[in-house]
$ cat work.cif   # mmCIF, C-alpha atoms and all ligand atoms
data_my_file
#
loop_
_atom_site.group_PDB
_atom_site.id
_atom_site.type_symbol
_atom_site.label_atom_id
_atom_site.label_comp_id
_atom_site.auth_asym_id
_atom_site.auth_seq_id
_atom_site.Cartn_x
_atom_site.Cartn_y
_atom_site.Cartn_z
ATOM 1 C CA MET A 840 0.000 0.000 0.000
ATOM 2 C CA ASP A 841 1.168 3.519 -0.693
ATOM 3 C CA THR A 842 2.586 5.435 2.170
ATOM 4 C CA ASN A 843 1.622 8.839 0.807
ATOM 5 C CA LEU A 844 -2.082 8.525 1.467
ATOM 6 C CA ILE A 845 -3.827 11.812 1.394
ATOM 7 C CA PRO A 846 -7.326 12.357 2.677
ATOM 8 C CA ALA A 847 -9.734 13.361 -0.070
ATOM 9 C CA GLU A 848 -11.120 16.862 -0.284
ATOM 10 C CA GLY A 849 -8.111 18.318 1.475
ATOM 11 C CA LEU A 850 -9.361 17.483 4.933
ATOM 12 C CA SER A 851 -6.859 17.132 7.720
ATOM 13 C CA ALA A 852 -6.598 13.747 9.408
ATOM 14 C CA GLY A 853 -8.252 15.121 12.543
ATOM 15 C CA ALA A 854 -11.374 15.935 10.563
ATOM 16 C CA PHE A 855 -12.097 12.273 9.998
ATOM 17 C CA PRO A 856 -14.436 10.436 12.287
ATOM 18 C CA LEU A 857 -13.323 7.239 13.937
ATOM 19 C CA ILE A 858 -14.422 4.040 12.265
ATOM 20 C CA LEU A 859 -16.421 1.517 14.264
ATOM 21 C CA THR A 860 -15.235 -2.071 13.875
ATOM 22 C CA LEU A 861 -17.390 -5.143 14.403
ATOM 23 C CA ASP A 862 -16.392 -8.748 14.765
ATOM 24 C CA MET A 863 -17.674 -11.447 12.424
ATOM 25 C CA HIS A 864 -20.840 -11.765 14.508
ATOM 26 C CA GLY A 865 -21.641 -8.117 13.887
ATOM 27 C CA VAL A 866 -20.888 -7.266 17.497
ATOM 28 C CA PRO A 867 -19.313 -3.834 18.096
ATOM 29 C CA HIS A 868 -15.638 -4.122 18.931
ATOM 30 C CA ARG A 869 -13.716 -0.828 19.019
ATOM 31 C CA TRP A 870 -12.917 2.525 17.409
ATOM 32 C CA ILE A 871 -10.062 2.768 14.944
ATOM 33 C CA SER A 872 -8.504 5.621 12.968
ATOM 34 C CA TRP A 873 -9.084 5.983 9.229
ATOM 35 C CA GLN A 874 -5.442 4.972 8.693
ATOM 36 C CA HIS A 875 -6.088 1.767 10.561
ATOM 37 C CA ALA A 876 -9.236 1.192 8.502
ATOM 38 C CA CYS A 877 -7.185 1.638 5.307
ATOM 39 C CA TYR A 878 -4.803 -1.008 6.555
ATOM 40 C CA TYR A 879 -7.674 -3.479 6.994
ATOM 41 C CA TYR A 880 -9.023 -2.644 3.525
ATOM 42 C CA ALA A 881 -5.584 -3.036 1.942
ATOM 43 C CA LYS A 882 -5.052 -6.393 3.662
ATOM 44 C CA ASP A 883 -8.491 -7.531 2.535
ATOM 45 C CA GLN A 884 -9.577 -8.054 6.126
ATOM 46 C CA VAL A 885 -12.824 -6.122 5.850
ATOM 47 C CA ALA A 886 -15.645 -8.667 5.700
ATOM 48 C CA TRP A 887 -18.316 -6.065 5.033
ATOM 49 C CA GLY A 888 -19.041 -2.425 5.571
ATOM 50 C CA GLN A 889 -22.298 -0.902 6.633
ATOM 51 C CA GLY A 890 -23.486 2.547 7.372
ATOM 52 C CA GLU A 891 -22.790 5.565 5.272
ATOM 53 C CA ARG A 892 -19.435 5.955 3.637
ATOM 54 C CA ALA A 893 -17.139 7.803 6.001
ATOM 55 C CA PHE A 894 -14.283 8.879 3.774
ATOM 56 C CA THR A 895 -12.255 8.262 0.640
ATOM 57 C CA VAL A 896 -8.477 8.374 0.570
ATOM 58 C CA HIS A 897 -6.356 8.644 -2.527
ATOM 59 C CA GLY A 898 -3.008 6.934 -2.784
ATOM 60 C CA GLY A 899 -0.253 7.397 -5.331
ATOM 61 C CA MET A 900 -0.319 6.700 -9.056
ATOM 62 C CA ASN A 901 0.221 3.176 -10.242
ATOM 63 C CA ARG A 902 3.217 3.409 -12.588
ATOM 64 C CA MET A 903 1.969 0.520 -14.735
ATOM 65 C CA THR A 904 -1.610 1.605 -15.271
ATOM 66 C CA GLY A 905 -1.401 5.318 -14.542
ATOM 67 C CA GLU A 906 -4.396 4.965 -12.273
ATOM 68 C CA ARG A 907 -4.671 6.522 -8.890
ATOM 69 C CA SER A 908 -5.424 4.130 -6.050
ATOM 70 C CA GLU A 909 -8.396 4.900 -3.900
ATOM 71 C CA ILE A 910 -10.049 3.445 -0.824
ATOM 72 C CA SER A 911 -13.572 4.258 0.265
ATOM 73 C CA ALA A 912 -14.259 3.190 3.810
ATOM 74 C CA SER A 913 -17.585 2.721 5.524
ATOM 75 C CA SER A 914 -18.263 4.240 8.911
ATOM 76 C CA ILE A 915 -18.881 0.737 10.308
ATOM 77 C CA ILE A 916 -16.767 -2.233 9.179
ATOM 78 C CA ALA A 917 -16.657 -5.870 10.183
ATOM 79 C CA ILE A 918 -13.168 -7.335 10.463
ATOM 80 C CA LYS A 919 -12.425 -10.892 9.399
ATOM 81 C CA GLY A 920 -10.821 -13.372 11.720
ATOM 82 C CA LYS A 921 -11.356 -15.084 15.000
ATOM 83 C CA ALA A 922 -8.969 -12.839 16.875
ATOM 84 C CA MET A 923 -11.752 -10.400 17.583
ATOM 85 C CA ALA A 924 -14.270 -12.979 18.707
ATOM 86 C CA MET A 925 -16.772 -12.356 21.442
ATOM 87 C CA LYS A 926 -14.390 -12.324 24.372
ATOM 88 C CA SER A 927 -13.892 -8.571 24.442
ATOM 89 C CA PHE A 928 -17.613 -7.958 24.403
ATOM 90 C CA SER A 929 -18.222 -9.797 27.623
ATOM 91 C CA GLN A 930 -15.375 -8.094 29.428
ATOM 92 C CA VAL A 931 -16.195 -5.371 31.905
ATOM 93 C CA PRO A 932 -14.972 -2.080 30.431
ATOM 94 C CA PRO A 933 -12.235 -0.275 32.354
ATOM 95 C CA LEU A 934 -13.410 2.221 34.944
ATOM 96 C CA ASN A 935 -12.359 5.796 34.193
ATOM 97 C CA ASN A 936 -13.680 9.052 35.590
ATOM 98 C CA ARG A 937 -14.477 10.418 32.170
ATOM 99 C CA GLU A 938 -16.714 7.484 31.240
ATOM 100 C CA LEU A 939 -18.142 7.293 34.753
ATOM 101 C CA PHE A 940 -19.199 10.956 34.635
ATOM 102 C CA HIS A 941 -20.739 10.412 31.218
ATOM 103 C CA ARG A 942 -22.521 7.272 32.384
ATOM 104 C CA ASP A 943 -24.093 9.365 35.130
ATOM 105 C CA ARG A 944 -24.722 12.298 32.777
ATOM 106 C CA GLN A 945 -22.581 14.531 35.005
ATOM 107 C CA ILE A 946 -25.301 14.475 37.656
ATOM 108 C CA CYS A 947 -24.345 14.162 41.315
ATOM 109 C CA ALA A 948 -25.933 11.005 42.731
ATOM 110 C CA TYR A 949 -26.678 12.761 46.040
ATOM 111 C CA CYS A 950 -27.872 16.309 45.367
ATOM 112 C CA GLY A 951 -29.005 15.769 41.775
ATOM 113 C CA GLY A 952 -27.122 18.787 40.515
ATOM 114 C CA MET A 953 -25.464 18.791 37.114
ATOM 115 C CA PHE A 954 -21.839 19.901 37.215
ATOM 116 C CA PRO A 955 -18.936 20.528 34.848
ATOM 117 C CA ILE A 956 -16.385 17.709 34.878
ATOM 118 C CA PRO A 957 -13.738 19.534 36.992
ATOM 119 C CA ARG A 958 -16.246 19.765 39.842
ATOM 120 C CA LEU A 959 -17.103 16.068 39.822
ATOM 121 C CA THR A 960 -15.575 13.216 41.780
ATOM 122 C CA ARG A 961 -15.752 9.445 41.846
ATOM 123 C CA ASP A 962 -17.628 8.459 44.983
ATOM 124 C CA HIS A 963 -17.303 4.956 46.373
ATOM 125 C CA ILE A 964 -20.773 4.102 47.655
ATOM 126 C CA ILE A 965 -19.283 1.692 50.162
ATOM 127 C CA PRO A 966 -16.023 3.433 51.076
ATOM 128 C CA PHE A 967 -12.652 1.736 50.664
ATOM 129 C CA SER A 968 -12.215 1.743 54.423
ATOM 130 C CA ARG A 969 -15.339 -0.411 54.737
ATOM 131 C CA GLY A 970 -14.326 -2.913 52.113
ATOM 132 C CA GLY A 971 -15.866 -1.143 49.112
ATOM 133 C CA LYS A 972 -14.266 -1.889 45.758
ATOM 134 C CA ASP A 973 -13.221 0.355 42.925
ATOM 135 C CA MET A 974 -15.659 -1.039 40.356
ATOM 136 C CA TRP A 975 -18.574 0.207 38.264
ATOM 137 C CA MET A 976 -21.196 -1.195 40.658
ATOM 138 C CA ASN A 977 -19.716 0.594 43.670
ATOM 139 C CA VAL A 978 -19.121 4.027 42.183
ATOM 140 C CA VAL A 979 -21.265 6.997 41.316
ATOM 141 C CA THR A 980 -20.611 10.540 40.242
ATOM 142 C CA ALA A 981 -20.698 13.038 43.108
ATOM 143 C CA CYS A 982 -20.036 16.761 43.271
ATOM 144 C CA ARG A 983 -17.122 17.800 45.488
ATOM 145 C CA MET A 984 -19.391 19.164 48.199
ATOM 146 C CA CYS A 985 -21.458 15.991 48.496
ATOM 147 C CA ASN A 986 -18.357 13.810 48.418
ATOM 148 C CA GLU A 987 -16.806 15.770 51.294
ATOM 149 C CA LYS A 988 -20.058 15.757 53.230
ATOM 150 C CA LYS A 989 -20.498 12.010 52.805
ATOM 151 C CA SER A 990 -16.853 11.484 53.714
ATOM 152 C CA ASP A 991 -15.892 8.001 54.846
ATOM 153 C CA ARG A 992 -19.442 6.746 55.350
ATOM 154 C CA THR A 993 -22.025 4.663 53.558
ATOM 155 C CA PRO A 994 -25.092 6.514 52.176
ATOM 156 C CA GLU A 995 -27.147 5.050 55.059
ATOM 157 C CA THR A 996 -24.924 6.268 57.859
ATOM 158 C CA ALA A 997 -24.426 9.623 56.128
ATOM 159 C CA ARG A 998 -28.204 9.825 55.584
ATOM 160 C CA MET A 999 -27.566 10.700 51.970
ATOM 161 C CA GLU A 1000 -29.803 8.753 49.658
ATOM 162 C CA LEU A 1001 -28.695 7.791 46.173
ATOM 163 C CA ILE A 1002 -30.985 9.319 43.567
ATOM 164 C CA TYR A 1003 -29.892 6.786 40.938
ATOM 165 C CA LEU A 1004 -28.183 3.415 40.966
ATOM 166 C CA PRO A 1005 -24.840 2.433 39.481
ATOM 167 C CA TYR A 1006 -24.561 -0.100 36.671
ATOM 168 C CA VAL A 1007 -21.888 -1.652 34.481
ATOM 169 C CA PRO A 1008 -21.956 -0.241 30.945
ATOM 170 C CA ASN A 1009 -21.812 -2.938 28.293
ATOM 171 C CA ARG A 1010 -19.357 -2.779 25.413
ATOM 172 C CA ALA A 1011 -21.655 -0.829 23.088
ATOM 173 C CA GLU A 1012 -22.430 1.756 25.732
ATOM 174 C CA TYR A 1013 -18.775 2.044 26.616
ATOM 175 C CA LEU A 1014 -17.957 2.729 22.956
ATOM 176 C CA ILE A 1015 -20.558 5.492 22.979
ATOM 177 C CA LEU A 1016 -19.108 6.939 26.178
ATOM 178 C CA THR A 1017 -15.544 7.019 24.877
ATOM 179 C CA ASN A 1018 -16.132 8.765 21.538
ATOM 180 C CA ARG A 1019 -17.318 12.350 21.512
ATOM 181 C CA ARG A 1020 -17.670 12.525 17.722
ATOM 182 C CA ILE A 1021 -19.902 9.609 16.843
ATOM 183 C CA LEU A 1022 -21.625 9.690 13.455
ATOM 184 C CA VAL A 1023 -25.385 9.331 13.370
ATOM 185 C CA ASP A 1024 -25.320 5.893 11.739
ATOM 186 C CA GLN A 1025 -22.715 4.648 14.241
ATOM 187 C CA MET A 1026 -24.820 5.922 17.137
ATOM 188 C CA GLU A 1027 -27.952 4.247 15.781
ATOM 189 C CA PHE A 1028 -26.077 0.983 15.416
ATOM 190 C CA LEU A 1029 -24.546 1.076 18.910
ATOM 191 C CA ALA A 1030 -27.783 2.148 20.576
ATOM 192 C CA GLN A 1031 -29.367 -1.135 19.453
ATOM 193 C CA HIS A 1032 -26.809 -2.979 21.576
ATOM 194 C CA VAL A 1033 -27.286 -0.893 24.705
ATOM 195 C CA PRO A 1034 -29.513 -2.466 27.386
ATOM 196 C CA ALA A 1035 -32.912 -0.833 27.841
ATOM 197 C CA GLN A 1036 -32.174 0.234 31.428
ATOM 198 C CA SER A 1037 -29.178 2.328 30.400
ATOM 199 C CA ARG A 1038 -29.326 6.042 31.172
ATOM 200 C CA LEU A 1039 -28.233 6.696 27.601
ATOM 201 C CA HIS A 1040 -31.757 5.859 26.469
ATOM 202 C CA GLN A 1041 -33.195 8.292 29.013
ATOM 203 C CA LYS A 1042 -30.961 10.927 27.542
ATOM 204 C CA ALA A 1043 -32.203 10.152 24.052
ATOM 205 C CA ALA A 1044 -35.829 10.218 25.201
ATOM 206 C CA GLN A 1045 -35.589 13.699 26.655
HETATM 207 ZN ZN ZN B 1101 -23.867 16.882 45.030
#
$ encode --input "work.cif" --output "structure tokens"
Amino acid sequence: MDTNLIPAEGLSAGAFPLILTLDMHGVPHRWISWQHACYYYAKDQVAWGQGERAFTVHGGMNRMTGERSEISASSIIAIKGKAMAMKSFSQVPPLNNRELFHRDRQICAYCGGMFPIPRLTRDHIIPFSRGGKDMWMNVVTACRMCNEKKSDRTPETARMELIYLPYVPNRAEYLILTNRRILVDQMEFLAQHVPAQSRLHQKAAQ
């Protein structure tokens, strides 16, 4: 494959959306860059593409034919091979503040206020000191004030009731949480794989 790939229409690389990959079962797997997508296309590892076309890249001229190489990639592509089989889908996604705050829609679980990210904290419902673990089911988003007020106590002893419950995002939801520039067709596809009780659906319904 040519190394001098240039995005079509003079767009900079940063202007391209990420491409959503699926495994051979059609299960969402991960986000990749357009360069990575080109690699899969060039290696003939794309089983099928769905969704609207995301971009076209032009390579160099073929000296034999005088034709310019070109790859058109779909916004959602399934990658051949068993390497990507289901295992990643069943794994619990890593816990990060960014995704936690998005899971909870930046709403404090105690006062119900909505806050900018710098004013949010990760609250352990059952504190570390009482055997609480650092996992999705034991953490909620809390504003700094509520977190300090609750301190090293459980919600019961602090008399601070949770206004929503924690949950573990599945793979599709996690993919939504980690990409701020999702295309409409990618979002529609991922939303079908998000459990009905997810707060993402509440967001969409509002
Ligand atoms: Zn609060």
$ residues_near_ligand --input "work.cif" --ligand "ligand ZN 1101 (chain B)" --cutoff "6 Å" --atoms "all atoms listed in the file" --output "PyMOL selection string"
chain A and resi 947+949-950+952+981-982+984-985
$ atom_distance --input "work.cif" --atom1 "atom CA of Ile1015 of chain A" --atom2 "atom CA of Val896 of chain A"
25.6 Å
$ residues_around --input "work.cif" --residues "Ile858 of chain A" --least-positions-apart "5" --cutoff "9 Å" --atoms "only C-alpha atoms" --output "PyMOL selection string"
chain A and resi 869-873+875-876+893+912-916+1025
$ atom_distance --input "work.cif" --atom1 "atom CA of His1040 of chain A" --atom2 "atom CA of Ile964 of chain A"
23.9 Å
$ closest_residue --input "work.cif" --among "A:Arg1019, A:Arg942, A:Arg969, A:Lys919" --to "Gly865 of chain A" --atoms "all atoms listed in the file"
A:Lys919
$ atom_distance --input "work.cif" --atom1 "atom CA of Arg992 of chain A" --atom2 "atom CA of Tyr1006 of chain A"
20.5 Å
$ resolve_selection --input "work.cif" --expression "the PyMOL selection byres (((chain A and resi 933) around 12) and not hetatm)" --output "short mmCIF file (atom, residue, chain, number, x, y, z; two decimals) with C-alpha atoms, keeping the file's coordinate frame"
data_model
loop_
_atom_site.label_atom_id
_atom_site.label_comp_id
_atom_site.auth_asym_id
_atom_site.auth_seq_id
_atom_site.Cartn_x
_atom_site.Cartn_y
_atom_site.Cartn_z
CA SER A 927 -13.89 -8.57 24.44
CA GLN A 930 -15.38 -8.09 29.43
CA VAL A 931 -16.20 -5.37 31.90
CA PRO A 932 -14.97 -2.08 30.43
CA LEU A 934 -13.41 2.22 34.94
CA ASN A 935 -12.36 5.80 34.19
CA ASN A 936 -13.68 9.05 35.59
CA ARG A 937 -14.48 10.42 32.17
CA GLU A 938 -16.71 7.48 31.24
CA LEU A 939 -18.14 7.29 34.75
CA ASP A 973 -13.22 0.36 42.92
CA MET A 974 -15.66 -1.04 40.36
CA TRP A 975 -18.57 0.21 38.26
CA VAL A 1007 -21.89 -1.65 34.48
CA PRO A 1008 -21.96 -0.24 30.94
CA ASN A 1009 -21.81 -2.94 28.29
CA ARG A 1010 -19.36 -2.78 25.41
CA TYR A 1013 -18.77 2.04 26.62
CA LEU A 1014 -17.96 2.73 22.96
CA LEU A 1016 -19.11 6.94 26.18
CA THR A 1017 -15.54 7.02 24.88
#
$ closest_residue --input "work.cif" --among "A:Glu909, A:Glu891, A:Asp883, A:Asp862" --to "Asp1024 of chain A" --atoms "all atoms listed in the file"
A:Glu891
$ closest_residue --input "work.cif" --among "A:Leu959, A:Leu1039, A:Glu1012, A:Tyr1003" --to "Met976 of chain A" --atoms "all atoms listed in the file"
A:Tyr1003
$ axis_aligned_box --input "work.cif" --around "segment 987-996 of chain A" --padding-each-side "4 Å" --output "lines of an AutoDock Vina configuration file"
center_x = -21.5
center_y = 10.2
center_z = 54.6
size_x = 19.3
size_y = 19.1
size_z = 14.6
$ closest_residue --input "work.cif" --among "A:Arg1038, A:Asp962, A:Thr895, A:Phe967" --to "Lys988 of chain A" --atoms "only C-alpha atoms"
A:Asp962
$ decode --input "work.cif" --residues "segment 955-990 of chain A" --atoms "N, CA and C atoms" --output "short mmCIF file (atom, residue, chain, number, x, y, z; two decimals), in the first residue's frame"
data_model
loop_
_atom_site.label_atom_id
_atom_site.label_comp_id
_atom_site.auth_asym_id
_atom_site.auth_seq_id
_atom_site.Cartn_x
_atom_site.Cartn_y
_atom_site.Cartn_z
N PRO A 955 -20.01 20.73 35.82
CA PRO A 955 -18.94 20.53 34.85
C PRO A 955 -17.94 19.50 35.39
N ILE A 956 -17.26 18.82 34.49
CA ILE A 956 -16.39 17.71 34.88
C ILE A 956 -15.36 18.06 35.97
N PRO A 957 -14.73 19.24 35.93
CA PRO A 957 -13.74 19.53 36.99
C PRO A 957 -14.33 19.56 38.40
N ARG A 958 -15.63 19.71 38.51
CA ARG A 958 -16.25 19.77 39.84
C ARG A 958 -16.83 18.43 40.26
N LEU A 959 -16.55 17.39 39.49
CA LEU A 959 -17.10 16.07 39.82
C LEU A 959 -16.03 15.15 40.40
N THR A 960 -16.48 14.20 41.19
CA THR A 960 -15.57 13.22 41.78
C THR A 960 -16.17 11.82 41.64
N ARG A 961 -15.31 10.84 41.83
CA ARG A 961 -15.75 9.45 41.85
C ARG A 961 -16.03 9.07 43.30
N ASP A 962 -17.29 8.83 43.61
CA ASP A 962 -17.63 8.46 44.98
C ASP A 962 -17.78 6.95 45.09
N HIS A 963 -17.13 6.38 46.09
CA HIS A 963 -17.30 4.96 46.37
C HIS A 963 -18.48 4.81 47.33
N ILE A 964 -19.54 4.19 46.86
CA ILE A 964 -20.77 4.10 47.66
C ILE A 964 -20.45 3.45 49.00
N ILE A 965 -19.86 2.27 48.94
CA ILE A 965 -19.28 1.69 50.16
C ILE A 965 -17.81 2.10 50.15
N PRO A 966 -17.40 2.90 51.11
CA PRO A 966 -16.02 3.43 51.08
C PRO A 966 -14.97 2.32 51.13
N PHE A 967 -13.81 2.65 50.61
CA PHE A 967 -12.65 1.74 50.66
C PHE A 967 -12.44 1.19 52.08
N SER A 968 -12.53 2.10 53.04
CA SER A 968 -12.21 1.74 54.42
C SER A 968 -13.20 0.71 54.97
N ARG A 969 -14.34 0.58 54.30
CA ARG A 969 -15.34 -0.41 54.74
C ARG A 969 -15.43 -1.58 53.77
N GLY A 970 -14.39 -1.75 53.00
CA GLY A 970 -14.33 -2.91 52.11
C GLY A 970 -14.93 -2.69 50.73
N GLY A 971 -15.31 -1.45 50.44
CA GLY A 971 -15.87 -1.14 49.11
C GLY A 971 -14.81 -1.28 48.03
N LYS A 972 -15.23 -1.69 46.83
CA LYS A 972 -14.27 -1.89 45.76
C LYS A 972 -14.36 -0.77 44.72
N ASP A 973 -13.26 -0.64 43.98
CA ASP A 973 -13.22 0.36 42.92
C ASP A 973 -13.74 -0.29 41.63
N MET A 974 -15.05 -0.42 41.53
CA MET A 974 -15.66 -1.04 40.36
C MET A 974 -16.96 -0.33 40.02
N TRP A 975 -17.40 -0.52 38.76
CA TRP A 975 -18.57 0.21 38.26
C TRP A 975 -19.77 0.14 39.21
N MET A 976 -20.00 -1.02 39.83
CA MET A 976 -21.20 -1.20 40.66
C MET A 976 -21.08 -0.53 42.02
N ASN A 977 -19.88 -0.05 42.36
CA ASN A 977 -19.72 0.59 43.67
C ASN A 977 -19.36 2.07 43.53
N VAL A 978 -19.48 2.62 42.34
CA VAL A 978 -19.12 4.03 42.18
C VAL A 978 -20.24 4.82 41.51
N VAL A 979 -20.35 6.05 41.96
CA VAL A 979 -21.26 7.00 41.32
C VAL A 979 -20.55 8.34 41.21
N THR A 980 -21.12 9.19 40.40
CA THR A 980 -20.61 10.54 40.24
C THR A 980 -21.15 11.40 41.39
N ALA A 981 -20.27 12.14 42.04
CA ALA A 981 -20.70 13.04 43.11
C ALA A 981 -20.00 14.38 42.96
N CYS A 982 -20.69 15.45 43.29
CA CYS A 982 -20.04 16.76 43.27
C CYS A 982 -19.07 16.81 44.46
N ARG A 983 -18.14 17.73 44.43
CA ARG A 983 -17.12 17.80 45.49
C ARG A 983 -17.76 18.00 46.86
N MET A 984 -18.76 18.88 46.91
CA MET A 984 -19.39 19.16 48.20
C MET A 984 -20.03 17.92 48.80
N CYS A 985 -20.79 17.20 47.99
CA CYS A 985 -21.46 15.99 48.50
C CYS A 985 -20.43 14.93 48.89
N ASN A 986 -19.37 14.81 48.11
CA ASN A 986 -18.36 13.81 48.42
C ASN A 986 -17.70 14.11 49.77
N GLU A 987 -17.42 15.39 50.01
CA GLU A 987 -16.81 15.77 51.29
C GLU A 987 -17.78 15.56 52.44
N LYS A 988 -19.04 15.89 52.19
CA LYS A 988 -20.06 15.76 53.23
C LYS A 988 -20.26 14.28 53.60
N LYS A 989 -20.29 13.45 52.57
CA LYS A 989 -20.50 12.01 52.80
C LYS A 989 -19.29 11.41 53.51
N SER A 990 -18.11 11.90 53.10
CA SER A 990 -16.85 11.48 53.71
C SER A 990 -16.69 9.97 53.69
#
